[in-house]
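Structure below is input-v7.pdb: PDB, C-alpha atoms, pLDDT in the B column.
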ATOM      1  CA  VAL K   1     113.314 -75.646 -36.379  1.00 50.00           C
ATOM      2  CA  VAL K   2     110.850 -75.541 -33.467  1.00 51.00           C
ATOM      3  CA  ARG K   3     109.682 -79.134 -33.840  1.00 55.00           C
ATOM      4  CA  SER K   4     113.268 -80.363 -34.035  1.00 51.00           C
ATOM      5  CA  GLY K   5     113.952 -78.932 -30.597  1.00 51.00           C
ATOM      6  CA  LEU K   6     116.764 -76.791 -32.027  1.00 54.00           C
ATOM      7  CA  GLN K   7     118.846 -79.813 -32.918  1.00 62.00           C
ATOM      8  CA  PRO K   8     122.428 -79.201 -34.134  1.00 62.00           C
ATOM      9  CA  GLY K   9     122.546 -78.357 -37.826  1.00 70.00           C
ATOM     10  CA  ILE K  10     118.917 -77.279 -38.084  1.00 77.00           C
ATOM     11  CA  ILE K  11     119.588 -73.677 -37.037  1.00 76.00           C
ATOM     12  CA  THR K  12     122.451 -73.421 -39.528  1.00 81.00           C
ATOM     13  CA  LEU K  13     120.322 -74.858 -42.330  1.00 85.00           C
ATOM     14  CA  HIS K  14     117.452 -72.535 -41.450  1.00 83.00           C
ATOM     15  CA  MET K  15     119.717 -69.465 -41.582  1.00 85.00           C
ATOM     16  CA  ALA K  16     121.320 -70.555 -44.853  1.00 88.00           C
ATOM     17  CA  LEU K  17     117.925 -70.988 -46.516  1.00 91.00           C
ATOM     18  CA  ALA K  18     116.739 -67.632 -45.149  1.00 91.00           C
ATOM     19  CA  VAL K  19     119.786 -65.859 -46.606  1.00 92.00           C
ATOM     20  CA  ILE K  20     119.295 -67.561 -49.977  1.00 94.00           C
ATOM     21  CA  LEU K  21     115.670 -66.422 -50.015  1.00 95.00           C
ATOM     22  CA  LEU K  22     116.676 -62.840 -49.206  1.00 95.00           C
ATOM     23  CA  CYS K  23     119.287 -62.862 -51.968  1.00 95.00           C
ATOM     24  CA  VAL K  24     116.700 -64.070 -54.483  1.00 96.00           C
ATOM     25  CA  LEU K  25     114.311 -61.293 -53.440  1.00 95.00           C
ATOM     26  CA  ILE K  26     117.053 -58.654 -53.676  1.00 95.00           C
ATOM     27  CA  TYR K  27     118.026 -59.938 -57.117  1.00 93.00           C
ATOM     28  CA  ALA K  28     114.422 -59.768 -58.321  1.00 93.00           C
ATOM     29  CA  THR K  29     114.056 -56.232 -56.971  1.00 91.00           C
ATOM     30  CA  PHE K  30     117.354 -55.197 -58.545  1.00 89.00           C
ATOM     31  CA  LYS K  31     116.400 -56.553 -61.966  1.00 86.00           C
ATOM     32  CA  THR K  32     113.076 -54.728 -61.796  1.00 85.00           C
ATOM     33  CA  GLY K  33     114.779 -51.359 -61.366  1.00 75.00           C
ATOM     34  CA  GLN K  34     118.069 -52.155 -63.062  1.00 64.00           C
ATOM     35  CA  ASP K  35     118.082 -48.977 -65.158  1.00 58.00           C
ATOM     36  CA  GLN K  36     118.112 -46.908 -61.976  1.00 59.00           C
ATOM     37  CA  ASN K  37     120.647 -49.114 -60.185  1.00 56.00           C
ATOM     38  CA  VAL K  38     123.470 -49.238 -62.719  1.00 58.00           C
ATOM     39  CA  GLU K  39     126.690 -47.388 -61.962  1.00 59.00           C
ATOM     40  CA  ASN K  40     129.153 -45.714 -64.298  1.00 63.00           C
ATOM     41  CA  ILE K  41     132.290 -47.751 -63.588  1.00 67.00           C
ATOM     42  CA  ALA K  42     135.393 -48.509 -65.606  1.00 67.00           C
ATOM     43  CA  SER K  43     135.419 -52.158 -66.680  1.00 72.00           C
ATOM     44  CA  ASP K  44     138.895 -53.063 -65.350  1.00 77.00           C
ATOM     45  CA  PHE K  45     138.268 -51.451 -61.985  1.00 80.00           C
ATOM     46  CA  CYS K  46     134.797 -52.981 -61.846  1.00 83.00           C
ATOM     47  CA  SER K  47     136.175 -56.470 -62.467  1.00 86.00           C
ATOM     48  CA  LYS K  48     138.722 -56.182 -59.647  1.00 88.00           C
ATOM     49  CA  LEU K  49     136.189 -54.720 -57.250  1.00 91.00           C
ATOM     50  CA  THR K  50     133.641 -57.404 -58.110  1.00 92.00           C
ATOM     51  CA  ARG K  51     136.098 -60.159 -57.210  1.00 94.00           C
ATOM     52  CA  LEU K  52     136.882 -58.442 -53.926  1.00 95.00           C
ATOM     53  CA  SER K  53     133.170 -58.009 -53.161  1.00 96.00           C
ATOM     54  CA  ILE K  54     132.455 -61.670 -53.879  1.00 96.00           C
ATOM     55  CA  LEU K  55     135.290 -62.568 -51.528  1.00 97.00           C
ATOM     56  CA  LEU K  56     133.736 -60.387 -48.823  1.00 97.00           C
ATOM     57  CA  PHE K  57     130.352 -62.030 -49.367  1.00 97.00           C
ATOM     58  CA  VAL K  58     131.871 -65.514 -49.102  1.00 96.00           C
ATOM     59  CA  PHE K  59     133.797 -64.614 -45.941  1.00 96.00           C
ATOM     60  CA  THR K  60     130.651 -63.177 -44.355  1.00 96.00           C
ATOM     61  CA  CYS K  61     128.618 -66.259 -45.294  1.00 94.00           C
ATOM     62  CA  ILE K  62     131.237 -68.466 -43.674  1.00 93.00           C
ATOM     63  CA  GLN K  63     131.207 -66.231 -40.609  1.00 94.00           C
ATOM     64  CA  MET K  64     127.439 -66.509 -40.314  1.00 92.00           C
ATOM     65  CA  LEU K  65     127.519 -70.291 -40.660  1.00 90.00           C
ATOM     66  CA  ILE K  66     130.255 -70.559 -38.030  1.00 92.00           C
ATOM     67  CA  GLY K  67     128.269 -68.177 -35.832  1.00 91.00           C
ATOM     68  CA  THR K  68     125.206 -70.406 -35.994  1.00 88.00           C
ATOM     69  CA  GLN K  69     127.435 -73.300 -34.953  1.00 88.00           C
ATOM     70  CA  VAL K  70     128.492 -71.263 -31.926  1.00 90.00           C
ATOM     71  CA  ARG K  71     124.837 -70.601 -31.179  1.00 86.00           C
ATOM     72  CA  GLU K  72     124.101 -74.313 -31.400  1.00 83.00           C
ATOM     73  CA  GLY K  73     126.953 -74.887 -28.962  1.00 86.00           C
ATOM     74  CA  ILE K  74     125.349 -72.768 -26.247  1.00 86.00           C
ATOM     75  CA  ASP K  75     121.794 -74.040 -26.798  1.00 79.00           C
ATOM     76  CA  PRO K  76     122.197 -76.923 -24.319  1.00 79.00           C
ATOM     77  CA  PHE K  77     123.098 -74.398 -21.616  1.00 82.00           C
ATOM     78  CA  ILE K  78     120.103 -72.234 -22.486  1.00 78.00           C
ATOM     79  CA  LYS K  79     117.878 -75.252 -21.882  1.00 76.00           C
ATOM     80  CA  ASP K  80     119.722 -76.415 -18.783  1.00 77.00           C
ATOM     81  CA  ALA K  81     122.813 -74.569 -17.596  1.00 77.00           C
ATOM     82  CA  GLY K  82     123.376 -77.047 -14.809  1.00 77.00           C
ATOM     83  CA  GLY K  83     124.494 -74.264 -12.513  1.00 76.00           C
ATOM     84  CA  LEU K  84     127.115 -73.001 -14.973  1.00 84.00           C
ATOM     85  CA  PRO K  85     127.254 -69.165 -14.990  1.00 87.00           C
ATOM     86  CA  ARG K  86     126.136 -67.516 -18.224  1.00 84.00           C
ATOM     87  CA  SER K  87     129.545 -65.860 -18.528  1.00 83.00           C
ATOM     88  CA  GLU K  88     131.155 -69.295 -18.963  1.00 86.00           C
ATOM     89  CA  TRP K  89     128.863 -70.711 -21.641  1.00 87.00           C
ATOM     90  CA  LEU K  90     131.034 -69.636 -24.560  1.00 88.00           C
ATOM     91  CA  GLY K  91     134.028 -71.277 -22.966  1.00 85.00           C
ATOM     92  CA  GLN K  92     132.261 -74.619 -23.322  1.00 86.00           C
ATOM     93  CA  VAL K  93     131.692 -74.269 -27.068  1.00 87.00           C
ATOM     94  CA  GLY K  94     135.263 -75.158 -27.960  1.00 86.00           C
ATOM     95  CA  MET K  95     137.463 -74.321 -30.927  1.00 91.00           C
ATOM     96  CA  ILE K  96     134.595 -73.189 -33.168  1.00 90.00           C
ATOM     97  CA  ASP K  97     134.230 -69.999 -31.116  1.00 91.00           C
ATOM     98  CA  HIS K  98     137.925 -69.155 -31.533  1.00 92.00           C
ATOM     99  CA  VAL K  99     137.654 -69.761 -35.286  1.00 93.00           C
ATOM    100  CA  HIS K 100     134.642 -67.444 -35.376  1.00 94.00           C
ATOM    101  CA  ARG K 101     136.582 -64.678 -33.645  1.00 93.00           C
ATOM    102  CA  LEU K 102     139.725 -65.005 -35.748  1.00 93.00           C
ATOM    103  CA  SER K 103     137.927 -65.243 -39.090  1.00 93.00           C
ATOM    104  CA  SER K 104     136.196 -61.936 -38.395  1.00 94.00           C
ATOM    105  CA  TRP K 105     139.520 -60.304 -39.286  1.00 95.00           C
ATOM    106  CA  LEU K 106     139.174 -61.604 -42.844  1.00 96.00           C
ATOM    107  CA  VAL K 107     135.819 -59.858 -43.154  1.00 97.00           C
ATOM    108  CA  LEU K 108     137.164 -56.627 -41.658  1.00 97.00           C
ATOM    109  CA  ILE K 109     140.296 -56.501 -43.831  1.00 97.00           C
ATOM    110  CA  THR K 110     138.334 -57.220 -47.015  1.00 97.00           C
ATOM    111  CA  GLY K 111     135.767 -54.573 -46.087  1.00 97.00           C
ATOM    112  CA  ILE K 112     138.525 -52.003 -45.561  1.00 96.00           C
ATOM    113  CA  LEU K 113     140.101 -52.855 -48.925  1.00 96.00           C
ATOM    114  CA  ILE K 114     136.772 -52.351 -50.697  1.00 95.00           C
ATOM    115  CA  TYR K 115     136.122 -49.081 -48.864  1.00 94.00           C
ATOM    116  CA  ARG K 116     139.551 -47.669 -49.706  1.00 92.00           C
ATOM    117  CA  ALA K 117     139.364 -48.783 -53.332  1.00 90.00           C
ATOM    118  CA  ILE K 118     135.965 -47.152 -53.868  1.00 88.00           C
ATOM    119  CA  LYS K 119     136.979 -44.031 -51.946  1.00 85.00           C
ATOM    120  CA  THR K 120     139.843 -43.351 -54.366  1.00 80.00           C
ATOM    121  CA  THR K 121     137.403 -43.051 -57.278  1.00 72.00           C
ATOM    122  CA  ARG K 122     135.906 -39.909 -55.693  1.00 64.00           C
ATOM    123  CA  SER K 123     132.602 -41.026 -57.131  1.00 61.00           C
ATOM    124  CA  ALA K 124     129.382 -39.254 -56.181  1.00 55.00           C
ATOM    125  CA  SER K 125     127.395 -42.385 -56.985  1.00 70.00           C
ATOM    126  CA  LEU K 126     125.869 -45.009 -54.733  1.00 82.00           C
ATOM    127  CA  LEU K 127     129.042 -47.083 -54.356  1.00 87.00           C
ATOM    128  CA  PRO K 128     130.795 -44.926 -51.711  1.00 89.00           C
ATOM    129  CA  ALA K 129     127.659 -44.922 -49.576  1.00 90.00           C
ATOM    130  CA  ILE K 130     127.352 -48.707 -49.818  1.00 92.00           C
ATOM    131  CA  SER K 131     131.015 -49.213 -48.906  1.00 93.00           C
ATOM    132  CA  ARG K 132     130.716 -46.868 -45.910  1.00 94.00           C
ATOM    133  CA  TRP K 133     127.637 -48.629 -44.573  1.00 95.00           C
ATOM    134  CA  LEU K 134     129.190 -52.048 -45.075  1.00 97.00           C
ATOM    135  CA  LEU K 135     132.368 -51.084 -43.244  1.00 97.00           C
ATOM    136  CA  ALA K 136     130.346 -49.508 -40.432  1.00 97.00           C
ATOM    137  CA  GLY K 137     128.283 -52.691 -40.220  1.00 97.00           C
ATOM    138  CA  ILE K 138     131.372 -54.900 -40.062  1.00 97.00           C
ATOM    139  CA  ILE K 139     132.898 -52.805 -37.277  1.00 97.00           C
ATOM    140  CA  SER K 140     129.584 -52.856 -35.405  1.00 96.00           C
ATOM    141  CA  GLN K 141     129.460 -56.635 -35.758  1.00 96.00           C
ATOM    142  CA  ILE K 142     132.904 -56.988 -34.234  1.00 96.00           C
ATOM    143  CA  PHE K 143     131.886 -54.704 -31.376  1.00 96.00           C
ATOM    144  CA  LEU K 144     128.779 -56.810 -30.743  1.00 95.00           C
ATOM    145  CA  GLY K 145     130.902 -59.949 -30.841  1.00 94.00           C
ATOM    146  CA  VAL K 146     133.217 -58.524 -28.192  1.00 93.00           C
ATOM    147  CA  LEU K 147     130.179 -57.538 -26.133  1.00 94.00           C
ATOM    148  CA  LEU K 148     128.789 -61.062 -26.364  1.00 92.00           C
ATOM    149  CA  ALA K 149     132.103 -62.610 -25.393  1.00 90.00           C
ATOM    150  CA  TYR K 150     132.873 -60.399 -22.422  1.00 91.00           C
ATOM    151  CA  ALA K 151     129.457 -59.286 -21.148  1.00 91.00           C
ATOM    152  CA  SER K 152     127.890 -62.690 -20.463  1.00 87.00           C
ATOM    153  CA  LEU K 153     125.982 -63.014 -23.753  1.00 89.00           C
ATOM    154  CA  PRO K 154     123.377 -60.250 -23.317  1.00 90.00           C
ATOM    155  CA  ARG K 155     120.172 -61.237 -25.098  1.00 88.00           C
ATOM    156  CA  TYR K 156     119.746 -57.947 -26.963  1.00 92.00           C
ATOM    157  CA  ALA K 157     123.273 -58.268 -28.365  1.00 93.00           C
ATOM    158  CA  GLN K 158     122.489 -61.757 -29.677  1.00 90.00           C
ATOM    159  CA  VAL K 159     119.489 -60.432 -31.600  1.00 90.00           C
ATOM    160  CA  LEU K 160     121.410 -57.427 -32.942  1.00 95.00           C
ATOM    161  CA  HIS K 161     124.375 -59.613 -33.916  1.00 94.00           C
ATOM    162  CA  LEU K 162     122.216 -61.938 -35.987  1.00 91.00           C
ATOM    163  CA  THR K 163     120.138 -59.135 -37.517  1.00 93.00           C
ATOM    164  CA  LEU K 164     123.174 -57.094 -38.517  1.00 95.00           C
ATOM    165  CA  ALA K 165     124.871 -60.147 -40.021  1.00 94.00           C
ATOM    166  CA  THR K 166     121.835 -60.690 -42.236  1.00 94.00           C
ATOM    167  CA  LEU K 167     121.748 -57.023 -43.260  1.00 95.00           C
ATOM    168  CA  LEU K 168     125.456 -57.148 -44.074  1.00 96.00           C
ATOM    169  CA  LEU K 169     124.959 -60.107 -46.380  1.00 96.00           C
ATOM    170  CA  CYS K 170     122.087 -58.316 -48.104  1.00 95.00           C
ATOM    171  CA  GLY K 171     124.213 -55.191 -48.589  1.00 96.00           C
ATOM    172  CA  GLU K 172     127.159 -57.182 -49.899  1.00 96.00           C
ATOM    173  CA  TRP K 173     124.925 -59.064 -52.313  1.00 96.00           C
ATOM    174  CA  TYR K 174     123.475 -55.785 -53.576  1.00 94.00           C
ATOM    175  CA  LEU K 175     127.000 -54.413 -54.071  1.00 93.00           C
ATOM    176  CA  ILE K 176     127.874 -57.459 -56.167  1.00 94.00           C
ATOM    177  CA  LEU K 177     124.769 -56.962 -58.307  1.00 91.00           C
ATOM    178  CA  VAL K 178     125.609 -53.291 -58.880  1.00 88.00           C
ATOM    179  CA  LEU K 179     129.160 -54.172 -59.884  1.00 87.00           C
ATOM    180  CA  ARG K 180     128.035 -57.026 -62.119  1.00 84.00           C
ATOM    181  CA  HIS K 181     125.742 -54.717 -64.116  1.00 78.00           C
ATOM    182  CA  PRO K 182     127.760 -51.514 -64.608  1.00 66.00           C
ATOM    183  CA  ARG K 183     127.300 -48.803 -67.212  1.00 59.00           C
ATOM    184  CA  HIS K 184     130.551 -48.142 -69.049  1.00 51.00           C
ATOM    185  CA  ASP K 185     130.476 -44.574 -70.357  1.00 51.00           C
ATOM    186  CA  VAL K 186     133.410 -43.035 -72.160  1.00 40.00           C
ATOM    187  CA  GLY K 187     135.031 -40.138 -70.334  1.00 43.00           C
ATOM    188  CA  THR K 188     133.958 -40.630 -66.769  1.00 43.00           C
ATOM    189  CA  SER K 189     134.958 -44.266 -66.916  1.00 43.00           C
ATOM    190  CA  ALA K 190     138.433 -43.326 -68.044  1.00 40.00           C
ATOM    191  CA  VAL K 191     138.864 -41.054 -65.058  1.00 38.00           C
ATOM    192  CA  GLN K 192     137.524 -43.705 -62.698  1.00 46.00           C
ATOM    193  CA  ALA K 193     139.757 -46.326 -64.284  1.00 44.00           C
ATOM    194  CA  VAL K 194     142.860 -44.314 -63.427  1.00 41.00           C
ATOM    195  CA  ALA K 195     141.591 -43.533 -59.938  1.00 46.00           C
ATOM    196  CA  GLY K 196     140.527 -47.114 -59.404  1.00 49.00           C
ATOM    197  CA  ASP K 197     143.869 -48.561 -60.460  1.00 51.00           C
ATOM    198  CA  GLN K 198     145.634 -46.080 -58.205  1.00 51.00           C
ATOM    199  CA  GLY K 199     143.280 -47.116 -55.421  1.00 51.00           C
ATOM    200  CA  PHE K 200     144.069 -50.791 -55.779  1.00 54.00           C
ATOM    201  CA  ALA K 201     147.763 -49.973 -55.865  1.00 53.00           C
ATOM    202  CA  SER K 202     147.577 -47.723 -52.806  1.00 53.00           C
ATOM    203  CA  ILE K 203     145.631 -50.071 -50.536  1.00 53.00           C
ATOM    204  CA  TYR K 204     148.566 -52.431 -50.404  1.00 50.00           C
ATOM    205  CA  HIS K 205     151.012 -49.739 -49.282  1.00 53.00           C
TER     206      HIS K 205
END
Since I need it in another form, could you write the structure as structure tokens?
Amino acid sequence: VVRSGLQPGIITLHMALAVILLCVLIYATFKTGQDQNVENIASDFCSKLTRLSILLFVFTCIQMLIGTQVREGIDPFIKDAGGLPRSEWLGQVGMIDHVHRLSSWLVLITGILIYRAIKTTRSASLLPAISRWLLAGIISQIFLGVLLAYASLPRYAQVLHLTLATLLLCGEWYLILVLRHPRHDVGTSAVQAVAGDQGFASIYH
């Protein structure tokens, strides 16, 4: 990355490889302590929630990749702004910045759906905590994005925006792993199945 002089595409590739590495490490850690990580979840509800969580992960990955493209778009101005005020750098990036802003709604809506679905189970397990932190992270990301867009790209916000995006992906990946390796116990699962189905029905009303 450094030797390339931050050429277009290199930053995006670097971030993608970093995220893949983190996901591999999280998977290895999860498998090591899988007996402690498994959740008691009804199979039908778990299947629906897994698909929704994968969708959230994909949306967030796309958002991060688009975000790195935006970053690459302002790099020339970081090197030589040519007298252009910092507040106008994003305006020179083009359509990719508008796509980045609009697609954040997909991440937010999917995060809300997951949060509401898990909340209806009234589970005391790890899932509600994960969904709360993920939703809080998504909202914080949007706030940081607004701050970057309308406060002349403060440097601290750039660092926080990138760091939080990485943490979000890690949390979403962990959620997928938990949902992909559930423990289906009779009794509690039946209760959660009813609550879960009601949750998925209610989030669309």
| If you apply the PyMOL selection byres ((chain K and resi 154-157) around 12) to this file, what residues do you get, as a ChimeraX atom specification? | /K:78,86-87,89,140-153,158-165
Create the file for the chosen residues now, containing C-alpha atoms and written as a compact mmCIF listing (two decimals), in the coordinates of the input.
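That gives us part21.txt:
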# COMPACT_ATOMS: atom_id res chain seq x y z
CA ILE K 78 120.10 -72.23 -22.49
CA ARG K 86 126.14 -67.52 -18.22
CA SER K 87 129.54 -65.86 -18.53
CA TRP K 89 128.86 -70.71 -21.64
CA SER K 140 129.58 -52.86 -35.40
CA GLN K 141 129.46 -56.64 -35.76
CA ILE K 142 132.90 -56.99 -34.23
CA PHE K 143 131.89 -54.70 -31.38
CA LEU K 144 128.78 -56.81 -30.74
CA GLY K 145 130.90 -59.95 -30.84
CA VAL K 146 133.22 -58.52 -28.19
CA LEU K 147 130.18 -57.54 -26.13
CA LEU K 148 128.79 -61.06 -26.36
CA ALA K 149 132.10 -62.61 -25.39
CA TYR K 150 132.87 -60.40 -22.42
CA ALA K 151 129.46 -59.29 -21.15
CA SER K 152 127.89 -62.69 -20.46
CA LEU K 153 125.98 -63.01 -23.75
CA GLN K 158 122.49 -61.76 -29.68
CA VAL K 159 119.49 -60.43 -31.60
CA LEU K 160 121.41 -57.43 -32.94
CA HIS K 161 124.38 -59.61 -33.92
CA LEU K 162 122.22 -61.94 -35.99
CA THR K 163 120.14 -59.14 -37.52
CA LEU K 164 123.17 -57.09 -38.52
CA ALA K 165 124.87 -60.15 -40.02
| Selection near stretch 133-136 of chain K, 8 Å with only C-alpha atoms, sequence-local residues under 2 positions removed, as an NGL selection string | :K and (108 or 111-112 or 115 or 129-131 or 138-140 or 168 or 171-172)
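Using the PyMOL selection byres ((chain K and resi 77) around 12) on the file at hand returns these residues: Arg71, Glu72, Gly73, Ile74, Asp75, Pro76, Ile78, Lys79, Asp80, Ala81, Gly82, Gly83, Leu84, Pro85, Arg86, Ser87, Glu88, Trp89, Leu90, Gly91, Gln92, Val93 and Leu153 of chain K.
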| said: I'd like the neighbourhood of K:Leu52 as a list in words, where a residue qualifies if any of its atoms comes within 9 Å (using all atoms listed in the file), though same-chain residues fewer than 2 positions away should be ignored. | reply: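 The filter keeps Ser47, Lys48, Leu49, Thr50, Ile54, Leu55, Leu56, Phe57, Thr110, Gly111, Leu113 and Ile114 of chain K.
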| For stretch 13-22 of chain K: contacts at 10 Å, only C-alpha atoms, fewer than 3 positions along chain excluded, given as an MDAnalysis selection string | chainID K and resid 1 8:10 25:28 61 64:65 68 162 166:167 169:170 173
Can those selected residues be exported to a file as a PDB file, keeping the file's coordinate frame so that it contains C-alpha atoms?
ATOM      1  CA  VAL K   1     113.314 -75.646 -36.379  1.00 50.00           C
ATOM      2  CA  PRO K   8     122.428 -79.201 -34.134  1.00 62.00           C
ATOM      3  CA  GLY K   9     122.546 -78.357 -37.826  1.00 70.00           C
ATOM      4  CA  ILE K  10     118.917 -77.279 -38.084  1.00 77.00           C
ATOM      5  CA  LEU K  25     114.311 -61.293 -53.440  1.00 95.00           C
ATOM      6  CA  ILE K  26     117.053 -58.654 -53.676  1.00 95.00           C
ATOM      7  CA  TYR K  27     118.026 -59.938 -57.117  1.00 93.00           C
ATOM      8  CA  ALA K  28     114.422 -59.768 -58.321  1.00 93.00           C
ATOM      9  CA  CYS K  61     128.618 -66.259 -45.294  1.00 94.00           C
ATOM     10  CA  MET K  64     127.439 -66.509 -40.314  1.00 92.00           C
ATOM     11  CA  LEU K  65     127.519 -70.291 -40.660  1.00 90.00           C
ATOM     12  CA  THR K  68     125.206 -70.406 -35.994  1.00 88.00           C
ATOM     13  CA  LEU K 162     122.216 -61.938 -35.987  1.00 91.00           C
ATOM     14  CA  THR K 166     121.835 -60.690 -42.236  1.00 94.00           C
ATOM     15  CA  LEU K 167     121.748 -57.023 -43.260  1.00 95.00           C
ATOM     16  CA  LEU K 169     124.959 -60.107 -46.380  1.00 96.00           C
ATOM     17  CA  CYS K 170     122.087 -58.316 -48.104  1.00 95.00           C
ATOM     18  CA  TRP K 173     124.925 -59.064 -52.313  1.00 96.00           C
TER      19      TRP K 173
END
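Atom pair atom CA of K:His181 / atom CA of K:Gly137 has a distance of 24.1 Å (rounded to one decimal).
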| task | May I ask which of the residues K:Gln69, K:Ser53, K:Thr121, K:Gln63 is the closest one to K:Leu179, counting all atoms listed in the file? | result |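 Looking only at the distances to K:Leu179, the closest residue turns out to be K:Ser53.
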| request: Could you please determine the separation between atom CA of K:Phe45 and atom CA of K:Tyr174 in Å, to one decimal place? | output: 17.6 Å
| Nearest to K:Thr60 by atom-to-atom distance, counting all atoms listed in the file, from K:Lys31, K:His100, K:Arg116, K:Arg180 |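 Among the listed residues, K:His100 lies closest to K:Thr60.
Atom pair atom CA of K:Arg51 / atom CA of K:Ile96 has a distance of 27.4 Å (rounded to one decimal).
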